[in-house]
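**Q** Dropping in final20.cif, which is mmCIF, C-alpha atoms and all ligand atoms:
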data_structure
loop_
_atom_site.label_atom_id
_atom_site.label_comp_id
_atom_site.auth_asym_id
_atom_site.auth_seq_id
_atom_site.Cartn_x
_atom_site.Cartn_y
_atom_site.Cartn_z
CA MET A 1 -5.33 -10.33 -3.55
CA PHE A 2 -5.50 -6.86 -5.04
CA ILE A 3 -4.07 -7.17 -8.54
CA ALA A 4 -3.29 -3.85 -10.18
CA ALA A 5 -2.18 -3.79 -13.81
CA ASN A 6 -0.13 -0.75 -14.78
CA TRP A 7 -0.13 -0.75 -18.58
CA LYS A 8 2.33 2.15 -18.72
CA ALA A 9 2.89 3.01 -22.41
CA TYR A 10 3.14 -0.65 -23.43
CA VAL A 11 -0.47 -0.66 -24.66
CA ASP A 12 -0.93 1.83 -27.48
CA THR A 13 -3.77 0.62 -29.64
CA THR A 14 -7.50 0.50 -28.98
CA GLU A 15 -7.57 -3.16 -30.09
CA ARG A 16 -5.03 -4.25 -27.48
CA ALA A 17 -6.70 -2.19 -24.78
CA LYS A 18 -10.10 -3.72 -25.50
CA ARG A 19 -8.70 -7.23 -25.64
CA LEU A 20 -6.95 -6.84 -22.27
CA PHE A 21 -10.13 -5.39 -20.79
CA SER A 22 -12.23 -8.33 -21.93
CA VAL A 23 -9.70 -10.80 -20.50
CA SER A 24 -9.69 -8.82 -17.24
CA LYS A 25 -13.49 -8.82 -17.05
CA ARG A 26 -13.53 -12.60 -17.37
CA LEU A 27 -10.84 -12.95 -14.69
CA ALA A 28 -12.64 -10.55 -12.35
CA LEU A 29 -15.84 -12.55 -12.70
CA ARG A 30 -14.22 -15.94 -12.34
CA TYR A 31 -12.07 -15.05 -9.33
CA ALA A 32 -14.44 -12.54 -7.74
CA THR A 33 -14.13 -14.11 -4.30
CA GLN A 34 -10.30 -14.24 -4.35
CA HIS A 35 -9.15 -11.16 -6.23
CA GLU A 36 -9.87 -7.54 -7.04
CA ILE A 37 -8.57 -6.56 -10.46
CA LEU A 38 -7.64 -2.99 -11.29
CA LEU A 39 -6.46 -1.63 -14.65
CA ALA A 40 -4.39 1.52 -15.09
CA PRO A 41 -4.50 2.23 -18.85
CA PRO A 42 -3.04 5.23 -20.68
CA ALA A 43 -5.45 8.19 -20.30
CA PRO A 44 -7.31 7.90 -23.65
CA PHE A 45 -8.08 4.23 -22.99
CA LEU A 46 -9.14 4.99 -19.42
CA GLY A 47 -11.95 7.09 -20.87
CA LEU A 48 -12.76 4.50 -23.48
CA LEU A 49 -12.95 1.49 -21.14
CA ALA A 50 -13.94 2.86 -17.76
CA HIS A 51 -16.74 5.19 -18.72
CA GLY A 52 -19.99 3.43 -17.87
CA ASN A 53 -18.10 0.29 -16.79
CA ARG A 54 -20.40 -2.11 -14.96
CA SER A 55 -18.01 -5.04 -14.70
CA GLY A 56 -16.10 -6.02 -11.58
CA VAL A 57 -12.92 -4.46 -12.98
CA LEU A 58 -11.67 -1.33 -11.20
CA PHE A 59 -9.91 1.55 -12.96
CA SER A 60 -7.05 3.83 -12.06
CA ALA A 61 -5.28 6.78 -13.64
CA GLN A 62 -1.55 6.16 -14.16
CA ASP A 63 -0.82 9.65 -12.87
CA ILE A 64 -2.69 12.88 -12.25
CA SER A 65 -1.72 16.50 -12.67
CA THR A 66 -0.80 18.97 -9.96
CA ALA A 67 -3.16 21.29 -11.83
CA THR A 68 -6.82 21.22 -10.92
CA GLY A 69 -8.03 22.82 -14.13
CA GLY A 70 -7.53 25.82 -16.39
CA ALA A 71 -4.73 26.63 -18.82
CA HIS A 72 -2.55 23.48 -18.58
CA THR A 73 -2.26 21.91 -22.01
CA GLY A 74 -1.70 18.17 -21.92
CA GLU A 75 -2.43 17.68 -18.23
CA VAL A 76 -4.97 15.17 -16.90
CA THR A 77 -6.56 16.44 -13.70
CA ALA A 78 -7.82 14.25 -10.88
CA GLY A 79 -11.32 15.48 -11.69
CA ALA A 80 -11.01 14.42 -15.34
CA ALA A 81 -9.75 10.97 -14.32
CA ARG A 82 -12.62 10.59 -11.87
CA SER A 83 -15.17 11.69 -14.43
CA ALA A 84 -13.71 9.25 -17.01
CA GLY A 85 -14.42 6.37 -14.60
CA ALA A 86 -11.32 5.97 -12.44
CA SER A 87 -11.73 5.30 -8.74
CA TYR A 88 -7.97 5.10 -8.03
CA ALA A 89 -4.89 7.09 -9.08
CA ILE A 90 -1.29 5.90 -9.10
CA VAL A 91 0.75 8.69 -7.52
CA GLY A 92 4.54 8.95 -7.36
CA HIS A 93 5.41 6.06 -9.65
CA SER A 94 9.20 5.92 -10.03
CA GLU A 95 8.89 6.65 -13.75
CA ARG A 96 7.02 9.88 -12.91
CA ARG A 97 9.55 10.68 -10.19
CA ALA A 98 12.34 10.16 -12.77
CA ALA A 99 10.48 12.65 -14.99
CA GLY A 100 10.56 15.28 -12.24
CA ASP A 101 8.00 14.47 -9.54
CA THR A 102 9.54 15.45 -6.20
CA ASN A 103 8.13 14.47 -2.81
CA ASP A 104 6.41 17.89 -2.72
CA ILE A 105 4.75 17.32 -6.07
CA VAL A 106 3.69 13.83 -4.99
CA ALA A 107 2.15 15.30 -1.83
CA GLN A 108 0.12 17.78 -3.91
CA LYS A 109 -1.10 15.03 -6.20
CA MET A 110 -2.16 12.96 -3.19
CA GLN A 111 -4.31 15.85 -2.00
CA HIS A 112 -5.89 16.37 -5.43
CA ALA A 113 -6.64 12.65 -5.75
CA ILE A 114 -8.36 12.51 -2.37
CA GLY A 115 -10.13 15.80 -3.02
CA GLN A 116 -11.76 14.20 -6.07
CA GLY A 117 -12.66 10.98 -4.26
CA LEU A 118 -9.91 8.91 -5.89
CA ILE A 119 -7.99 6.38 -3.78
CA PRO A 120 -4.29 7.14 -4.24
CA ILE A 121 -1.89 4.25 -4.80
CA LEU A 122 1.26 5.85 -3.42
CA CYS A 123 4.39 4.34 -4.98
CA VAL A 124 7.62 4.35 -3.01
CA GLY A 125 10.90 2.53 -3.43
CA GLU A 126 14.65 2.92 -3.30
CA HIS A 127 17.07 3.16 -6.23
CA GLU A 128 19.46 0.67 -4.69
CA ARG A 129 20.06 -1.20 -1.46
CA ASN A 130 23.04 0.38 0.23
CA GLU A 131 24.78 -1.44 3.02
CA ASN A 132 24.09 0.88 5.90
CA ALA A 133 20.35 0.73 5.20
CA GLN A 134 20.03 4.37 4.13
CA TYR A 135 17.42 3.15 1.71
CA LEU A 136 15.05 2.62 4.64
CA THR A 137 15.26 6.30 5.55
CA PHE A 138 14.71 7.21 1.90
CA VAL A 139 11.52 5.15 1.66
CA ARG A 140 10.32 6.43 5.04
CA GLU A 141 10.71 10.01 3.83
CA GLU A 142 8.75 9.24 0.65
CA ILE A 143 5.87 7.90 2.74
CA LEU A 144 5.84 10.57 5.44
CA SER A 145 6.11 13.50 3.03
CA ALA A 146 3.08 12.22 1.12
CA LEU A 147 0.90 11.29 4.11
CA THR A 148 1.66 13.87 6.77
CA PRO A 149 -0.02 16.79 4.94
CA LEU A 150 -3.28 14.81 4.74
CA PRO A 151 -5.92 14.95 7.49
CA HIS A 152 -5.95 11.78 9.62
CA LYS A 153 -9.21 10.50 8.17
CA ASP A 154 -7.76 10.67 4.63
CA ARG A 155 -4.43 9.01 5.45
CA ALA A 156 -6.24 5.75 6.13
CA LYS A 157 -7.63 5.70 2.57
CA VAL A 158 -4.25 5.49 0.90
CA MET A 159 -2.90 2.29 -0.61
CA LEU A 160 0.87 1.86 -0.61
CA ALA A 161 2.85 0.22 -3.41
CA TYR A 162 6.41 -0.72 -2.56
CA GLU A 163 8.34 -0.77 -5.83
CA PRO A 164 12.12 -0.94 -5.50
CA ILE A 165 13.44 0.77 -8.63
CA TRP A 166 16.23 -1.78 -9.07
CA ALA A 167 13.59 -4.49 -9.52
CA ILE A 168 11.33 -2.74 -12.07
CA GLY A 169 11.12 -3.93 -15.67
CA LYS A 170 13.40 -6.95 -15.22
CA THR A 171 12.54 -10.65 -14.96
CA ALA A 172 11.26 -12.85 -12.14
CA SER A 173 14.78 -13.97 -11.26
CA GLU A 174 15.83 -10.36 -10.61
CA ALA A 175 12.84 -9.40 -8.45
CA ILE A 176 13.01 -9.14 -4.70
CA THR A 177 13.28 -12.34 -2.62
CA SER A 178 10.39 -13.28 -0.38
CA SER A 179 12.48 -12.92 2.78
CA ASP A 180 13.57 -9.38 1.83
CA LEU A 181 9.97 -8.54 0.96
CA THR A 182 8.69 -9.88 4.30
CA GLU A 183 11.19 -7.69 6.15
CA MET A 184 10.27 -4.65 4.10
CA ILE A 185 6.53 -5.07 4.68
CA LEU A 186 7.16 -5.16 8.44
CA TYR A 187 9.18 -1.99 8.13
CA LEU A 188 6.50 -0.26 6.01
CA ARG A 189 3.78 -1.11 8.55
CA LYS A 190 5.97 0.35 11.27
CA VAL A 191 6.39 3.58 9.29
CA LEU A 192 2.65 3.69 8.65
CA SER A 193 1.98 3.28 12.36
CA ASP A 194 3.76 6.62 12.94
CA VAL A 195 1.16 8.47 10.87
CA LEU A 196 -1.93 6.27 11.14
CA SER A 197 -3.82 4.92 14.13
CA GLY A 198 -2.78 1.41 15.20
CA SER A 199 -5.73 -0.34 13.59
CA ALA A 200 -5.54 1.74 10.39
CA SER A 201 -1.84 0.92 9.93
CA LYS A 202 -2.61 -2.78 10.21
CA ARG A 203 -5.53 -2.50 7.79
CA ALA A 204 -3.71 -0.35 5.19
CA ARG A 205 -3.18 -2.24 1.97
CA ILE A 206 0.39 -2.69 0.79
CA LEU A 207 1.20 -3.87 -2.72
CA TYR A 208 4.52 -4.99 -4.14
CA GLY A 209 5.65 -4.11 -7.67
CA GLY A 210 8.80 -4.85 -9.67
CA SER A 211 9.15 -7.78 -12.08
CA VAL A 212 6.19 -9.76 -10.82
CA GLU A 213 5.62 -12.52 -13.36
CA PRO A 214 3.66 -15.80 -13.43
CA ASP A 215 6.81 -17.56 -12.17
CA ASN A 216 7.35 -15.63 -8.97
CA ALA A 217 3.92 -14.25 -8.07
CA ARG A 218 2.91 -17.09 -5.79
CA MET A 219 6.21 -17.20 -3.97
CA LEU A 220 6.02 -13.43 -3.33
CA ALA A 221 2.41 -13.66 -2.15
CA GLU A 222 2.85 -16.44 0.36
CA GLY A 223 3.73 -15.47 3.90
CA THR A 224 5.21 -12.08 3.03
CA GLY A 225 2.29 -10.07 4.39
CA ILE A 226 1.47 -8.22 1.18
CA ASP A 227 -2.09 -7.51 0.08
CA GLY A 228 -1.49 -7.52 -3.66
CA PHE A 229 0.69 -6.53 -6.58
CA LEU A 230 1.26 -3.64 -8.95
CA ILE A 231 2.22 -5.34 -12.18
CA GLY A 232 3.78 -3.76 -15.25
CA HIS A 233 5.00 -5.68 -18.28
CA ALA A 234 3.50 -9.06 -17.30
CA ALA A 235 0.03 -7.48 -17.24
CA THR A 236 0.22 -6.19 -20.80
CA GLN A 237 -0.08 -9.53 -22.61
CA PRO A 238 -3.35 -11.47 -22.17
CA GLU A 239 -1.55 -14.83 -21.74
CA SER A 240 0.89 -13.75 -19.05
CA PHE A 241 -1.76 -11.72 -17.19
CA GLN A 242 -4.09 -14.71 -17.09
CA ALA A 243 -1.28 -17.01 -15.98
CA LEU A 244 -0.30 -14.57 -13.25
CA VAL A 245 -3.84 -14.20 -11.87
CA LYS A 246 -4.30 -17.98 -11.90
CA ALA A 247 -0.98 -18.50 -10.13
CA LEU A 248 -2.39 -16.51 -7.22
CA VAL A 249 -5.57 -18.55 -6.74
P1 LIG B 1 7.22 -4.23 -14.00
O1 LIG B 1 6.67 -2.80 -13.55
O2 LIG B 1 6.23 -5.26 -13.50
O3 LIG B 1 7.33 -4.17 -15.47
O4 LIG B 1 8.54 -4.42 -13.31
C1 LIG B 1 6.07 -2.60 -12.31
C2 LIG B 1 5.75 -1.13 -12.12
O5 LIG B 1 6.60 -0.29 -12.45
O6 LIG B 1 4.64 -0.76 -11.67
#
Show me the file's structure as structure tokens.
Ligand code: PGA

**A**
Amino acid sequence: MFIAANWKAYVDTTERAKRLFSVSKRLALRYATQHEILLAPPAPFLGLLAHGNRSGVLFSAQDISTATGGAHTGEVTAGAARSAGASYAIVGHSERRAAGDTNDIVAQKMQHAIGQGLIPILCVGEHERNENAQYLTFVREEILSALTPLPHKDRAKVMLAYEPIWAIGKTASEAITSSDLTEMILYLRKVLSDVLSGSASKRARILYGGSVEPDNARMLAEGTGIDGFLIGHAATQPESFQALVKALV
């Protein structure tokens, strides 16, 4: 499984960041044949932990700027993230979309990420599940608007994270059910097959995110067709992160 830990702003001291990194290094070593572990720390800790990293742990930026350099105070460019040691970038997380990222902005960020050799983790997901399945069209538009501007060879590099907004930041009991997730993964592969070649759409990695905890991780992993998880709050405490990774072995 591909296990991505999005620390968001939960981790805000160097001590906690270092402690979570050392736990993650141990987990990456111990479960090297079963899992890939990726950390997405806040930008200052990305530089601190990822620079010169020789462990099996992978690193991602939580977001990147639409700017590619120059007079943009406070922005973190794809190039800066890459140089700090990231090999991935989360793009279009719902919390960034809520702060103003439109589908057009997400599409620009995708291009900057790929331009700098970062693998984008494109986050998509509906606000709510309406009865006439409009949410499917909404998610489809999020995917197509981000992928269509990319050249074919680059589209195949993208990782998709399906994160229904109604399921983020809650508890295991409020996350998606495995039957709904199975259906959604089939739908996402179908959407991907419209913009990727047949084999690339089957190979593309799809993660699920939204209240994944030690209690529901296994159930959501088994038989649903997902390739991994994007985990928020449960990945920001060493005990729950360890329990979650072990639950998936
Ligand atoms: P959560 O966050 O696990 O805290 O629900 C997931 C995410 O937003 O990536």

**Q** Report as an mmCIF file with C-alpha atoms, in the frame of the given file which protein, DNA and RNA residues come within 7 Å of ligand LIG 1 (chain B), using all atoms listed in the file.

**A**
data_model
loop_
_atom_site.group_PDB
_atom_site.id
_atom_site.type_symbol
_atom_site.label_atom_id
_atom_site.label_comp_id
_atom_site.auth_asym_id
_atom_site.auth_seq_id
_atom_site.Cartn_x
_atom_site.Cartn_y
_atom_site.Cartn_z
ATOM 1 C CA ASN A 6 -0.130 -0.750 -14.780
ATOM 2 C CA GLU A 163 8.340 -0.770 -5.830
ATOM 3 C CA ALA A 167 13.590 -4.490 -9.520
ATOM 4 C CA ILE A 168 11.330 -2.740 -12.070
ATOM 5 C CA GLY A 169 11.120 -3.930 -15.670
ATOM 6 C CA LYS A 170 13.400 -6.950 -15.220
ATOM 7 C CA GLY A 209 5.650 -4.110 -7.670
ATOM 8 C CA GLY A 210 8.800 -4.850 -9.670
ATOM 9 C CA SER A 211 9.150 -7.780 -12.080
ATOM 10 C CA VAL A 212 6.190 -9.760 -10.820
ATOM 11 C CA LEU A 230 1.260 -3.640 -8.950
ATOM 12 C CA ILE A 231 2.220 -5.340 -12.180
ATOM 13 C CA GLY A 232 3.780 -3.760 -15.250
ATOM 14 C CA HIS A 233 5.000 -5.680 -18.280
ATOM 15 C CA ALA A 234 3.500 -9.060 -17.300
#

**Q** Considering only C-alpha atoms, state which residue in the set A:Ile105, A:His72, A:Ala40, A:Ala99 is at the smallest distance from Tyr10 in chain A.

**A**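 The shortest atom-to-atom distance to Tyr10 in chain A comes from A:Ala40.
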
**Q** Could you name the residues that touch Pro120 in chain A at 8 Å or less, counting only C-alpha atoms, but leaving out those on the same chain fewer than 5 positions away, as a PDB file with C-alpha atoms, in the coordinates of the input?

**A**
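After the write, out24.pdb holds the following:
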ATOM      1  CA  TYR A  88      -7.970   5.100  -8.030  1.00  0.00           C
ATOM      2  CA  ALA A  89      -4.890   7.090  -9.080  1.00  0.00           C
ATOM      3  CA  ILE A  90      -1.290   5.900  -9.100  1.00  0.00           C
ATOM      4  CA  VAL A  91       0.750   8.690  -7.520  1.00  0.00           C
ATOM      5  CA  MET A 110      -2.160  12.960  -3.190  1.00  0.00           C
ATOM      6  CA  ALA A 113      -6.640  12.650  -5.750  1.00  0.00           C
ATOM      7  CA  ILE A 114      -8.360  12.510  -2.370  1.00  0.00           C
ATOM      8  CA  LYS A 157      -7.630   5.700   2.570  1.00  0.00           C
ATOM      9  CA  VAL A 158      -4.250   5.490   0.900  1.00  0.00           C
ATOM     10  CA  MET A 159      -2.900   2.290  -0.610  1.00  0.00           C
TER      11      MET A 159
END

**Q** Write out as a VMD selection string the residues lying within 7 Å of range 204-207 of chain A, counting all atoms listed in the file and excluding same-chain residues fewer than 5 positions away.

**A** chain A and resid 156 159 to 162 226 to 230

**Q** Can you work out the spacing between CA of Ile176 in chain A and CA of Asn130 in chain A in Å, to one decimal?

**A** 14.7 Å

**Q** With distances taken over all atoms listed in the file, which residue among A:Pro214, A:Gly74, A:Gly85, A:Pro42 lies nearest Ser55 in chain A?

**A**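 Among the listed residues, the smallest separation from Ser55 in chain A belongs to A:Gly85.
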
**Q** Since the input lacks atoms, please generate all heavy atoms for range 51-62 of chain A and provide them as a PDB file, in the frame of the given file.

**A**
ATOM      1  N   HIS A  51     -15.513   4.413 -18.743  1.00  0.00           N
ATOM      2  CA  HIS A  51     -16.740   5.190 -18.720  1.00  0.00           C
ATOM      3  C   HIS A  51     -17.947   4.249 -18.839  1.00  0.00           C
ATOM      4  O   HIS A  51     -18.050   3.476 -19.783  1.00  0.00           O
ATOM      5  CB  HIS A  51     -16.744   6.207 -19.860  1.00  0.00           C
ATOM      6  CG  HIS A  51     -17.799   7.236 -19.682  1.00  0.00           C
ATOM      7  ND1 HIS A  51     -17.729   8.189 -18.687  1.00  0.00           N
ATOM      8  CD2 HIS A  51     -18.973   7.437 -20.311  1.00  0.00           C
ATOM      9  CE1 HIS A  51     -18.817   8.936 -18.746  1.00  0.00           C
ATOM     10  NE2 HIS A  51     -19.579   8.498 -19.721  1.00  0.00           N
ATOM     11  N   GLY A  52     -18.803   4.293 -17.850  1.00  0.00           N
ATOM     12  CA  GLY A  52     -19.990   3.430 -17.870  1.00  0.00           C
ATOM     13  C   GLY A  52     -19.697   1.977 -17.561  1.00  0.00           C
ATOM     14  O   GLY A  52     -20.567   1.122 -17.726  1.00  0.00           O
ATOM     15  N   ASN A  53     -18.492   1.680 -17.094  1.00  0.00           N
ATOM     16  CA  ASN A  53     -18.100   0.290 -16.790  1.00  0.00           C
ATOM     17  C   ASN A  53     -18.988  -0.310 -15.698  1.00  0.00           C
ATOM     18  O   ASN A  53     -19.114   0.253 -14.622  1.00  0.00           O
ATOM     19  CB  ASN A  53     -16.625   0.326 -16.334  1.00  0.00           C
ATOM     20  CG  ASN A  53     -16.192  -0.957 -15.638  1.00  0.00           C
ATOM     21  OD1 ASN A  53     -16.471  -2.058 -16.104  1.00  0.00           O
ATOM     22  ND2 ASN A  53     -15.507  -0.806 -14.519  1.00  0.00           N
ATOM     23  N   ARG A  54     -19.588  -1.450 -15.973  1.00  0.00           N
ATOM     24  CA  ARG A  54     -20.400  -2.110 -14.960  1.00  0.00           C
ATOM     25  C   ARG A  54     -19.834  -3.475 -14.587  1.00  0.00           C
ATOM     26  O   ARG A  54     -20.494  -4.288 -13.957  1.00  0.00           O
ATOM     27  CB  ARG A  54     -21.842  -2.306 -15.452  1.00  0.00           C
ATOM     28  CG  ARG A  54     -22.511  -1.024 -15.765  1.00  0.00           C
ATOM     29  CD  ARG A  54     -24.020  -1.078 -15.664  1.00  0.00           C
ATOM     30  NE  ARG A  54     -24.605  -0.015 -16.445  1.00  0.00           N
ATOM     31  CZ  ARG A  54     -24.428   1.276 -16.211  1.00  0.00           C
ATOM     32  NH1 ARG A  54     -23.676   1.673 -15.210  1.00  0.00           N
ATOM     33  NH2 ARG A  54     -24.982   2.194 -16.976  1.00  0.00           N
ATOM     34  N   SER A  55     -18.618  -3.746 -15.031  1.00  0.00           N
ATOM     35  CA  SER A  55     -18.010  -5.040 -14.700  1.00  0.00           C
ATOM     36  C   SER A  55     -17.376  -4.937 -13.314  1.00  0.00           C
ATOM     37  O   SER A  55     -17.377  -3.885 -12.687  1.00  0.00           O
ATOM     38  CB  SER A  55     -16.922  -5.366 -15.731  1.00  0.00           C
ATOM     39  OG  SER A  55     -15.785  -4.567 -15.497  1.00  0.00           O
ATOM     40  N   GLY A  56     -16.778  -6.041 -12.876  1.00  0.00           N
ATOM     41  CA  GLY A  56     -16.100  -6.020 -11.580  1.00  0.00           C
ATOM     42  C   GLY A  56     -14.713  -5.391 -11.638  1.00  0.00           C
ATOM     43  O   GLY A  56     -14.039  -5.252 -10.612  1.00  0.00           O
ATOM     44  N   VAL A  57     -14.268  -5.024 -12.839  1.00  0.00           N
ATOM     45  CA  VAL A  57     -12.920  -4.460 -12.980  1.00  0.00           C
ATOM     46  C   VAL A  57     -12.891  -3.014 -12.463  1.00  0.00           C
ATOM     47  O   VAL A  57     -13.794  -2.230 -12.738  1.00  0.00           O
ATOM     48  CB  VAL A  57     -12.496  -4.498 -14.473  1.00  0.00           C
ATOM     49  CG1 VAL A  57     -11.176  -3.794 -14.697  1.00  0.00           C
ATOM     50  CG2 VAL A  57     -12.432  -5.932 -14.966  1.00  0.00           C
ATOM     51  N   LEU A  58     -11.841  -2.691 -11.710  1.00  0.00           N
ATOM     52  CA  LEU A  58     -11.670  -1.330 -11.200  1.00  0.00           C
ATOM     53  C   LEU A  58     -10.703  -0.572 -12.111  1.00  0.00           C
ATOM     54  O   LEU A  58      -9.875  -1.204 -12.778  1.00  0.00           O
ATOM     55  CB  LEU A  58     -11.071  -1.376  -9.787  1.00  0.00           C
ATOM     56  CG  LEU A  58     -11.855  -2.154  -8.742  1.00  0.00           C
ATOM     57  CD1 LEU A  58     -10.991  -2.433  -7.515  1.00  0.00           C
ATOM     58  CD2 LEU A  58     -13.107  -1.382  -8.357  1.00  0.00           C
ATOM     59  N   PHE A  59     -10.796   0.756 -12.089  1.00  0.00           N
ATOM     60  CA  PHE A  59      -9.910   1.550 -12.960  1.00  0.00           C
ATOM     61  C   PHE A  59      -9.142   2.601 -12.177  1.00  0.00           C
ATOM     62  O   PHE A  59      -9.635   3.170 -11.206  1.00  0.00           O
ATOM     63  CB  PHE A  59     -10.712   2.221 -14.068  1.00  0.00           C
ATOM     64  CG  PHE A  59     -11.013   1.283 -15.202  1.00  0.00           C
ATOM     65  CD1 PHE A  59     -12.222   0.600 -15.253  1.00  0.00           C
ATOM     66  CD2 PHE A  59     -10.068   1.045 -16.189  1.00  0.00           C
ATOM     67  CE1 PHE A  59     -12.487  -0.303 -16.279  1.00  0.00           C
ATOM     68  CE2 PHE A  59     -10.325   0.154 -17.222  1.00  0.00           C
ATOM     69  CZ  PHE A  59     -11.538  -0.517 -17.272  1.00  0.00           C
ATOM     70  N   SER A  60      -7.919   2.827 -12.670  1.00  0.00           N
ATOM     71  CA  SER A  60      -7.050   3.830 -12.060  1.00  0.00           C
ATOM     72  C   SER A  60      -6.413   4.689 -13.145  1.00  0.00           C
ATOM     73  O   SER A  60      -6.145   4.212 -14.248  1.00  0.00           O
ATOM     74  CB  SER A  60      -5.927   3.120 -11.286  1.00  0.00           C
ATOM     75  OG  SER A  60      -4.976   4.050 -10.807  1.00  0.00           O
ATOM     76  N   ALA A  61      -6.143   5.956 -12.795  1.00  0.00           N
ATOM     77  CA  ALA A  61      -5.280   6.780 -13.640  1.00  0.00           C
ATOM     78  C   ALA A  61      -3.838   6.354 -13.366  1.00  0.00           C
ATOM     79  O   ALA A  61      -3.516   5.919 -12.267  1.00  0.00           O
ATOM     80  CB  ALA A  61      -5.467   8.253 -13.274  1.00  0.00           C
ATOM     81  N   GLN A  62      -2.966   6.491 -14.364  1.00  0.00           N
ATOM     82  CA  GLN A  62      -1.550   6.160 -14.160  1.00  0.00           C
ATOM     83  C   GLN A  62      -0.821   7.281 -13.419  1.00  0.00           C
ATOM     84  O   GLN A  62       0.244   7.076 -12.846  1.00  0.00           O
ATOM     85  CB  GLN A  62      -0.849   5.933 -15.493  1.00  0.00           C
ATOM     86  CG  GLN A  62      -1.284   4.688 -16.204  1.00  0.00           C
ATOM     87  CD  GLN A  62      -0.461   4.422 -17.460  1.00  0.00           C
ATOM     88  OE1 GLN A  62       0.499   5.139 -17.771  1.00  0.00           O
ATOM     89  NE2 GLN A  62      -0.837   3.397 -18.185  1.00  0.00           N
TER      90      GLN A  62
END
